[in-house]
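One file, run-v7.cif, carrying mmCIF, C-alpha atoms:
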data_coords
#
loop_
_atom_site.label_atom_id
_atom_site.label_comp_id
_atom_site.auth_asym_id
_atom_site.auth_seq_id
_atom_site.Cartn_x
_atom_site.Cartn_y
_atom_site.Cartn_z
CA MET A 1 -30.26 49.12 -27.03
CA SER A 2 -28.55 52.45 -26.45
CA ARG A 3 -27.01 54.41 -29.28
CA ASP A 4 -23.44 53.56 -28.28
CA GLU A 5 -24.19 49.82 -28.30
CA GLY A 6 -25.10 49.59 -31.95
CA ILE A 7 -26.27 51.26 -35.12
CA THR A 8 -29.76 49.73 -35.19
CA ARG A 9 -32.46 48.89 -32.69
CA SER A 10 -32.27 45.11 -33.08
CA ARG A 11 -31.47 42.27 -35.46
CA GLU A 12 -35.21 41.86 -36.05
CA SER A 13 -35.59 45.47 -37.21
CA CYS A 14 -33.12 45.00 -40.08
CA ASP A 15 -34.00 44.25 -43.70
CA TYR A 16 -33.04 40.61 -44.14
CA THR A 17 -33.33 38.08 -46.95
CA SER A 18 -31.63 34.70 -46.57
CA CYS A 19 -28.68 34.15 -48.96
CA TYR A 20 -28.53 37.83 -49.97
CA CYS A 21 -25.92 38.93 -47.42
CA GLU A 22 -24.48 41.67 -49.64
CA GLU A 23 -27.87 43.33 -50.00
CA ASN A 24 -28.65 42.90 -46.30
CA VAL A 25 -25.47 44.81 -45.47
CA TRP A 26 -26.21 47.45 -48.13
CA LYS A 27 -29.60 48.07 -46.52
CA LEU A 28 -27.97 48.30 -43.11
CA CYS A 29 -25.54 50.93 -44.41
CA GLU A 30 -28.42 52.79 -46.03
CA TYR A 31 -30.26 52.77 -42.69
CA VAL A 32 -27.27 54.33 -40.91
CA ARG A 33 -26.90 56.98 -43.62
CA THR A 34 -30.61 57.83 -43.45
CA GLU A 35 -31.08 57.68 -39.68
CA GLY A 36 -27.67 59.00 -38.66
CA THR A 37 -27.22 56.35 -35.97
CA ALA A 38 -23.42 56.43 -36.39
CA PRO A 39 -20.86 58.36 -38.43
CA LEU A 40 -20.75 56.60 -41.81
CA GLN A 41 -16.96 56.84 -41.80
CA GLU A 42 -16.90 54.36 -38.89
CA LEU A 43 -18.44 51.65 -41.08
CA PHE A 44 -16.70 49.20 -43.42
CA VAL A 45 -18.27 46.47 -45.53
CA VAL A 46 -16.22 43.27 -45.39
CA PHE A 47 -16.42 40.65 -48.15
CA ILE A 48 -14.92 37.32 -47.08
CA SER A 49 -13.87 34.95 -49.87
CA ASN A 50 -10.82 33.59 -51.69
CA GLU A 51 -9.69 32.59 -55.16
CA ASN A 52 -11.47 29.23 -54.82
CA ARG A 53 -14.65 30.80 -53.42
CA MET A 54 -14.61 28.36 -50.51
CA VAL A 55 -14.36 29.95 -47.07
CA PRO A 56 -15.27 28.41 -43.70
CA LEU A 57 -17.18 30.39 -41.09
CA TRP A 58 -18.28 29.16 -37.71
CA LYS A 59 -21.29 30.16 -35.59
CA GLN A 60 -23.53 30.56 -38.62
CA LYS A 61 -27.26 29.91 -38.28
CA SER A 62 -27.13 27.40 -41.12
CA GLY A 63 -24.31 25.43 -39.47
CA ARG A 64 -24.57 22.25 -37.43
CA GLY A 65 -22.96 22.12 -34.02
CA ASP A 66 -19.35 23.24 -34.17
CA GLN A 67 -18.98 22.48 -37.87
CA PRO A 68 -18.22 25.47 -40.11
CA VAL A 69 -20.37 26.53 -43.03
CA ILE A 70 -18.42 26.73 -46.29
CA TRP A 71 -19.57 29.83 -48.17
CA ASP A 72 -18.50 30.95 -51.63
CA TYR A 73 -18.45 34.38 -50.03
CA HIS A 74 -19.95 36.14 -47.05
CA VAL A 75 -20.50 39.80 -46.22
CA ILE A 76 -20.47 41.45 -42.80
CA LEU A 77 -20.39 45.01 -41.50
CA LEU A 78 -17.53 46.33 -39.38
CA GLN A 79 -17.88 49.37 -37.15
CA VAL A 80 -14.60 50.90 -36.00
CA ARG A 81 -15.33 53.18 -33.04
CA PRO A 82 -12.58 55.56 -31.93
CA GLN A 83 -13.24 55.35 -28.19
CA SER A 84 -14.16 51.69 -27.83
CA GLY A 85 -13.75 48.29 -29.44
CA ALA A 86 -14.79 47.48 -32.99
CA LEU A 87 -18.12 45.74 -33.62
CA ILE A 88 -19.32 43.23 -36.23
CA TYR A 89 -22.85 43.03 -37.61
CA ASP A 90 -23.56 39.61 -39.14
CA LEU A 91 -27.24 38.87 -39.69
CA ASP A 92 -26.46 35.20 -40.42
CA SER A 93 -24.51 34.60 -37.21
CA GLU A 94 -25.59 32.90 -34.00
CA LEU A 95 -23.46 35.39 -32.09
CA SER A 96 -24.86 38.58 -30.59
CA PHE A 97 -25.88 41.48 -32.83
CA PRO A 98 -23.73 43.47 -32.77
CA CYS A 99 -20.83 41.33 -31.66
CA SER A 100 -17.43 42.56 -30.56
CA LEU A 101 -14.86 42.06 -33.30
CA ARG A 102 -12.62 40.30 -30.80
CA LEU A 103 -15.33 37.70 -30.08
CA TYR A 104 -16.22 37.35 -33.77
CA VAL A 105 -12.58 36.70 -34.63
CA SER A 106 -12.22 34.02 -31.95
CA GLN A 107 -15.59 32.32 -32.50
CA ALA A 108 -16.59 32.83 -36.14
CA LEU A 109 -13.41 33.51 -38.12
CA ARG A 110 -10.96 31.62 -35.91
CA SER A 111 -7.58 31.07 -37.57
CA ASP A 112 -6.19 29.87 -40.89
CA ARG A 113 -3.27 28.13 -39.18
CA HIS A 114 -4.94 24.71 -39.10
CA VAL A 115 -7.07 25.19 -42.22
CA ASN A 116 -6.27 23.67 -45.61
CA PRO A 117 -4.67 26.44 -47.73
CA ALA A 118 -7.46 26.05 -50.30
CA TYR A 119 -9.82 27.44 -47.64
CA HIS A 120 -7.69 30.32 -46.36
CA ARG A 121 -9.75 33.47 -46.04
CA LYS A 122 -9.15 36.88 -47.57
CA LEU A 123 -11.15 39.97 -46.73
CA ARG A 124 -12.00 42.94 -48.94
CA VAL A 125 -12.63 45.94 -46.67
CA VAL A 126 -14.67 48.69 -48.34
CA PRO A 127 -15.69 51.99 -46.70
CA ALA A 128 -19.47 52.05 -46.32
CA ASP A 129 -19.91 55.27 -48.29
CA SER A 130 -17.99 53.76 -51.22
CA PHE A 131 -20.11 50.61 -51.03
CA LEU A 132 -23.34 52.60 -51.05
CA SER A 133 -22.17 54.65 -54.03
CA ASN A 134 -20.72 51.88 -56.18
CA PHE A 135 -22.36 48.51 -55.45
CA ALA A 136 -24.79 47.12 -58.03
CA CYS A 137 -26.42 43.71 -58.27
CA ASP A 138 -29.07 42.49 -60.69
CA ARG A 139 -29.40 39.18 -58.76
CA SER A 140 -28.61 37.13 -61.86
CA HIS A 141 -26.21 35.02 -59.79
CA MET A 142 -29.24 33.74 -57.84
CA LYS A 143 -31.09 32.40 -60.88
CA ASN A 144 -31.05 28.91 -62.31
CA THR A 145 -30.51 28.33 -66.02
CA ASP A 146 -34.27 28.15 -66.54
CA GLY A 147 -34.69 31.60 -64.96
CA SER A 148 -36.16 30.37 -61.68
CA TRP A 149 -34.82 31.67 -58.38
CA ARG A 150 -32.37 29.58 -56.40
CA MET A 151 -33.60 31.47 -53.34
CA PRO A 152 -36.48 33.99 -53.17
CA PRO A 153 -35.18 37.55 -53.77
CA PRO A 154 -35.66 40.57 -51.49
CA PRO A 155 -38.98 42.42 -51.90
CA TYR A 156 -37.39 45.69 -53.03
CA PRO A 157 -35.95 46.40 -56.52
CA PRO A 158 -32.37 45.38 -57.32
CA ILE A 159 -29.67 47.84 -56.29
CA HIS A 160 -27.93 49.64 -59.14
CA THR A 161 -25.99 52.78 -59.95
CA ALA A 162 -25.92 55.06 -62.97
CA GLU A 163 -22.80 53.21 -64.16
CA SER A 164 -23.67 49.60 -63.42
CA HIS A 165 -26.43 47.07 -62.88
CA MET A 166 -24.08 44.24 -61.84
CA ASN A 167 -20.60 44.45 -60.32
CA LEU A 168 -20.91 41.96 -57.46
CA ASP A 169 -17.93 39.95 -58.76
CA ASP A 170 -15.67 43.00 -58.37
CA PHE A 171 -16.47 43.00 -54.64
CA ILE A 172 -16.17 39.23 -54.20
CA SER A 173 -12.87 39.17 -56.11
CA MET A 174 -9.81 39.04 -53.88
CA ASP A 175 -7.61 40.53 -56.60
CA PRO A 176 -6.35 43.81 -55.09
CA GLN A 177 -6.19 45.32 -58.60
CA VAL A 178 -9.96 44.94 -58.99
CA GLY A 179 -12.82 46.80 -57.37
CA TRP A 180 -12.95 48.98 -54.29
CA GLY A 181 -11.35 48.93 -50.86
CA ALA A 182 -8.35 46.97 -49.61
CA VAL A 183 -7.79 43.20 -49.76
CA LEU A 184 -6.24 41.69 -46.63
CA SER A 185 -5.26 38.25 -45.41
CA LEU A 186 -7.11 37.10 -42.29
CA ASP A 187 -3.99 37.70 -40.18
CA ASP A 188 -3.54 41.21 -41.55
CA PHE A 189 -7.23 41.99 -40.99
CA VAL A 190 -6.97 40.93 -37.35
CA LYS A 191 -3.74 42.86 -36.82
CA ARG A 192 -5.28 46.01 -38.29
CA PHE A 193 -8.70 46.00 -36.66
CA ALA A 194 -8.41 43.70 -33.63
CA PRO A 195 -4.75 43.72 -32.62
CA GLU A 196 -5.59 42.54 -29.09
CA SER A 197 -6.91 39.30 -30.63
CA SER A 198 -3.89 38.36 -32.75
CA SER A 199 -1.82 36.98 -29.88
CA SER A 200 -4.66 34.76 -28.64
CA GLN A 201 -5.65 33.10 -31.91
CA PRO A 202 -6.00 29.31 -31.59
#
Rewrite the structure from the file as structure tokens, please.
Amino acid sequence: MSRDEGITRSRESCDYTSCYCEENVWKLCEYVRTEGTAPLQELFVVFISNENRMVPLWKQKSGRGDQPVIWDYHVILLQVRPQSGALIYDLDSELSFPCSLRLYVSQALRSDRHVNPAYHRKLRVVPADSFLSNFACDRSHMKNTDGSWRMPPPPYPPIHTAESHMNLDDFISMDPQVGWGAVLSLDDFVKRFAPESSSSQP
């Protein structure tokens, strides 16, 4: 893969732990910052959720056929390149890695027009440098009441900052008064980052 086709050599070269999408994306941002494979200002971390924490996504590896997976939240990486189309990096997707934002919108996000309002998606878009500086997660949300893991954790220590050991909820929250970045409806996200897709939404 050439440098202008993506920020990393391959999907397989990325740090990946199933069900820890926020940490997978953090490690991907860290890789770009360390290796300089793209200007960090081109990258945005996108949390997808809603007030009910029920959001459908299609073309996920854990899905079956054309049925969507209902996540409480999901995290992807958006690369906005000035001279060419935007790209999406989703390590849990069946789509290519990276995938054009236009294709990801049409195949994975689709539209809210025929979706029950309880499942309408919102997206918190956070600049990658802000995410790297502020995100903290002690993984407590992945533990059962008896302290056992719901899913095995990543092999590296939990991510934290000097100020916080756990602020994941501030990123998942779709309250624009909370946390970092900007909260957008799915339509507004598409209009801002993939305007050529908005007229062709099913």
*Convert the output of the PyMOL selection byres ((chain A and resi 127) around 10) on the shown file into explicit residues, formatted as a ChimeraX atom specification.*
/A:40-46,77-78,125-126,128-132,180-182
Could you expand the PyMOL selection byres ((chain A and resi 54) around 9) into the explicit residues it covers here, written as a compact mmCIF listing (two decimals) with C-alpha atoms, in the coordinates of the input?
# COMPACT_ATOMS: atom_id res chain seq x y z
CA SER A 49 -13.87 34.95 -49.87
CA ASN A 50 -10.82 33.59 -51.69
CA GLU A 51 -9.69 32.59 -55.16
CA ASN A 52 -11.47 29.23 -54.82
CA ARG A 53 -14.65 30.80 -53.42
CA VAL A 55 -14.36 29.95 -47.07
CA PRO A 56 -15.27 28.41 -43.70
CA ILE A 70 -18.42 26.73 -46.29
CA TRP A 71 -19.57 29.83 -48.17
CA ASP A 72 -18.50 30.95 -51.63
CA TYR A 73 -18.45 34.38 -50.03
CA ALA A 118 -7.46 26.05 -50.30
CA TYR A 119 -9.82 27.44 -47.64
CA HIS A 120 -7.69 30.32 -46.36
CA ARG A 121 -9.75 33.47 -46.04
*Any chance you could resolve the PyMOL selection byres ((chain A and resi 36-39) around 10) against this file and give the residues as number ranges by chain?*
A: 3-4, 6-9, 29-35, 40-43, 79, 81
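With distances restricted to all atoms listed in the file, A:Arg102 is the closest residue to Ala194 (chain A) from A:His160, A:Arg150, A:Arg102, A:Lys122.
In this comparison, which uses all atoms listed in the file, the residue of A:Phe171, A:Gln67, A:Val25, A:Pro117 approaching Ile88 (chain A) most closely is A:Val25.
Our summary of the geometry notes that CA of Arg192 (chain A) is positioned 17.5 Å from CA of Cys99 (chain A).
In terms of minimum interatomic distance to His74 (chain A), A:Ile172 ranks closest within A:Pro153, A:Ile172, A:Gln107, A:Leu87, counting only C-alpha atoms.
Going from CA of Met151 (chain A) to CA of Leu168 (chain A) covers 17.0 Å.
The environment of Asn167 (chain A) within 8 Å, counting all atoms listed in the file and disregarding residues fewer than 6 places along the same chain, consists of Phe135, Ala136 and Cys137 of chain A.
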_Closest of A:Gln83, A:Tyr16, A:Arg11, A:Pro195 to Leu95 (chain A) - atom-to-atom distances counting only C-alpha atoms_ = A:Arg11
*Could you jot down the CA of Leu184 (chain A) to CA of Phe47 (chain A) separation for me, Å, one decimal place?*
10.3 Å
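Comparing A:Arg139, A:Leu123, A:Ile76, A:Ser133 by their smallest distance to Tyr156 (chain A), the closest is A:Arg139 (using all atoms listed in the file).
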Could I get region 129-147 of chain A from the block written as a PDB file, in the first residue's frame, with N, CA, C and O atoms?
ATOM      1  N   ASP A 129      -5.630  14.624  17.614  1.00  0.00           N
ATOM      2  CA  ASP A 129      -4.689  15.097  18.634  1.00  0.00           C
ATOM      3  C   ASP A 129      -5.394  15.321  19.965  1.00  0.00           C
ATOM      4  O   ASP A 129      -4.843  15.032  21.038  1.00  0.00           O
ATOM      5  N   SER A 130      -6.628  15.792  19.930  1.00  0.00           N
ATOM      6  CA  SER A 130      -7.413  15.970  21.152  1.00  0.00           C
ATOM      7  C   SER A 130      -7.737  14.621  21.778  1.00  0.00           C
ATOM      8  O   SER A 130      -7.680  14.460  23.013  1.00  0.00           O
ATOM      9  N   PHE A 131      -8.065  13.645  20.961  1.00  0.00           N
ATOM     10  CA  PHE A 131      -8.361  12.302  21.453  1.00  0.00           C
ATOM     11  C   PHE A 131      -7.140  11.695  22.134  1.00  0.00           C
ATOM     12  O   PHE A 131      -7.226  11.151  23.239  1.00  0.00           O
ATOM     13  N   LEU A 132      -5.994  11.810  21.498  1.00  0.00           N
ATOM     14  CA  LEU A 132      -4.758  11.267  22.074  1.00  0.00           C
ATOM     15  C   LEU A 132      -4.425  11.940  23.407  1.00  0.00           C
ATOM     16  O   LEU A 132      -3.917  11.297  24.327  1.00  0.00           O
ATOM     17  N   SER A 133      -4.712  13.222  23.516  1.00  0.00           N
ATOM     18  CA  SER A 133      -4.347  13.977  24.720  1.00  0.00           C
ATOM     19  C   SER A 133      -5.324  13.788  25.872  1.00  0.00           C
ATOM     20  O   SER A 133      -4.932  13.913  27.040  1.00  0.00           O
ATOM     21  N   ASN A 134      -6.588  13.489  25.560  1.00  0.00           N
ATOM     22  CA  ASN A 134      -7.621  13.538  26.593  1.00  0.00           C
ATOM     23  C   ASN A 134      -8.292  12.213  26.933  1.00  0.00           C
ATOM     24  O   ASN A 134      -8.861  12.071  28.017  1.00  0.00           O
ATOM     25  N   PHE A 135      -8.249  11.233  26.042  1.00  0.00           N
ATOM     26  CA  PHE A 135      -8.970   9.986  26.271  1.00  0.00           C
ATOM     27  C   PHE A 135      -8.337   9.161  27.394  1.00  0.00           C
ATOM     28  O   PHE A 135      -7.110   9.033  27.480  1.00  0.00           O
ATOM     29  N   ALA A 136      -9.195   8.594  28.245  1.00  0.00           N
ATOM     30  CA  ALA A 136      -8.733   7.709  29.318  1.00  0.00           C
ATOM     31  C   ALA A 136      -9.781   6.627  29.542  1.00  0.00           C
ATOM     32  O   ALA A 136     -10.981   6.892  29.540  1.00  0.00           O
ATOM     33  N   CYS A 137      -9.303   5.403  29.733  1.00  0.00           N
ATOM     34  CA  CYS A 137     -10.238   4.294  29.947  1.00  0.00           C
ATOM     35  C   CYS A 137      -9.598   3.231  30.832  1.00  0.00           C
ATOM     36  O   CYS A 137      -8.546   2.675  30.488  1.00  0.00           O
ATOM     37  N   ASP A 138     -10.231   2.957  31.965  1.00  0.00           N
ATOM     38  CA  ASP A 138      -9.701   1.941  32.879  1.00  0.00           C
ATOM     39  C   ASP A 138     -10.276   0.549  32.606  1.00  0.00           C
ATOM     40  O   ASP A 138      -9.985  -0.405  33.325  1.00  0.00           O
ATOM     41  N   ARG A 139     -11.130   0.459  31.563  1.00  0.00           N
ATOM     42  CA  ARG A 139     -11.735  -0.810  31.114  1.00  0.00           C
ATOM     43  C   ARG A 139     -12.758  -1.375  32.095  1.00  0.00           C
ATOM     44  O   ARG A 139     -13.186  -2.522  31.956  1.00  0.00           O
ATOM     45  N   SER A 140     -13.172  -0.592  33.059  1.00  0.00           N
ATOM     46  CA  SER A 140     -14.143  -1.084  34.043  1.00  0.00           C
ATOM     47  C   SER A 140     -15.478  -1.434  33.394  1.00  0.00           C
ATOM     48  O   SER A 140     -16.216  -2.290  33.907  1.00  0.00           O
ATOM     49  N   HIS A 141     -15.799  -0.787  32.268  1.00  0.00           N
ATOM     50  CA  HIS A 141     -17.054  -1.077  31.576  1.00  0.00           C
ATOM     51  C   HIS A 141     -17.061  -2.475  30.967  1.00  0.00           C
ATOM     52  O   HIS A 141     -18.113  -2.968  30.556  1.00  0.00           O
ATOM     53  N   MET A 142     -15.889  -3.126  30.886  1.00  0.00           N
ATOM     54  CA  MET A 142     -15.787  -4.456  30.294  1.00  0.00           C
ATOM     55  C   MET A 142     -15.669  -5.546  31.354  1.00  0.00           C
ATOM     56  O   MET A 142     -15.296  -6.679  31.046  1.00  0.00           O
ATOM     57  N   LYS A 143     -15.990  -5.209  32.601  1.00  0.00           N
ATOM     58  CA  LYS A 143     -15.937  -6.199  33.669  1.00  0.00           C
ATOM     59  C   LYS A 143     -17.340  -6.549  34.169  1.00  0.00           C
ATOM     60  O   LYS A 143     -18.223  -5.699  34.233  1.00  0.00           O
ATOM     61  N   ASN A 144     -17.501  -7.808  34.515  1.00  0.00           N
ATOM     62  CA  ASN A 144     -18.740  -8.256  35.141  1.00  0.00           C
ATOM     63  C   ASN A 144     -18.733  -7.857  36.612  1.00  0.00           C
ATOM     64  O   ASN A 144     -17.717  -7.414  37.148  1.00  0.00           O
ATOM     65  N   THR A 145     -19.873  -8.044  37.273  1.00  0.00           N
ATOM     66  CA  THR A 145     -19.974  -7.644  38.674  1.00  0.00           C
ATOM     67  C   THR A 145     -19.014  -8.431  39.571  1.00  0.00           C
ATOM     68  O   THR A 145     -18.613  -7.939  40.626  1.00  0.00           O
ATOM     69  N   ASP A 146     -18.638  -9.634  39.140  1.00  0.00           N
ATOM     70  CA  ASP A 146     -17.700 -10.424  39.939  1.00  0.00           C
ATOM     71  C   ASP A 146     -16.244 -10.100  39.618  1.00  0.00           C
ATOM     72  O   ASP A 146     -15.318 -10.733  40.143  1.00  0.00           O
ATOM     73  N   GLY A 147     -16.022  -9.105  38.737  1.00  0.00           N
ATOM     74  CA  GLY A 147     -14.669  -8.692  38.406  1.00  0.00           C
ATOM     75  C   GLY A 147     -14.055  -9.407  37.222  1.00  0.00           C
ATOM     76  O   GLY A 147     -12.952  -9.054  36.781  1.00  0.00           O
TER      77      GLY A 147
END
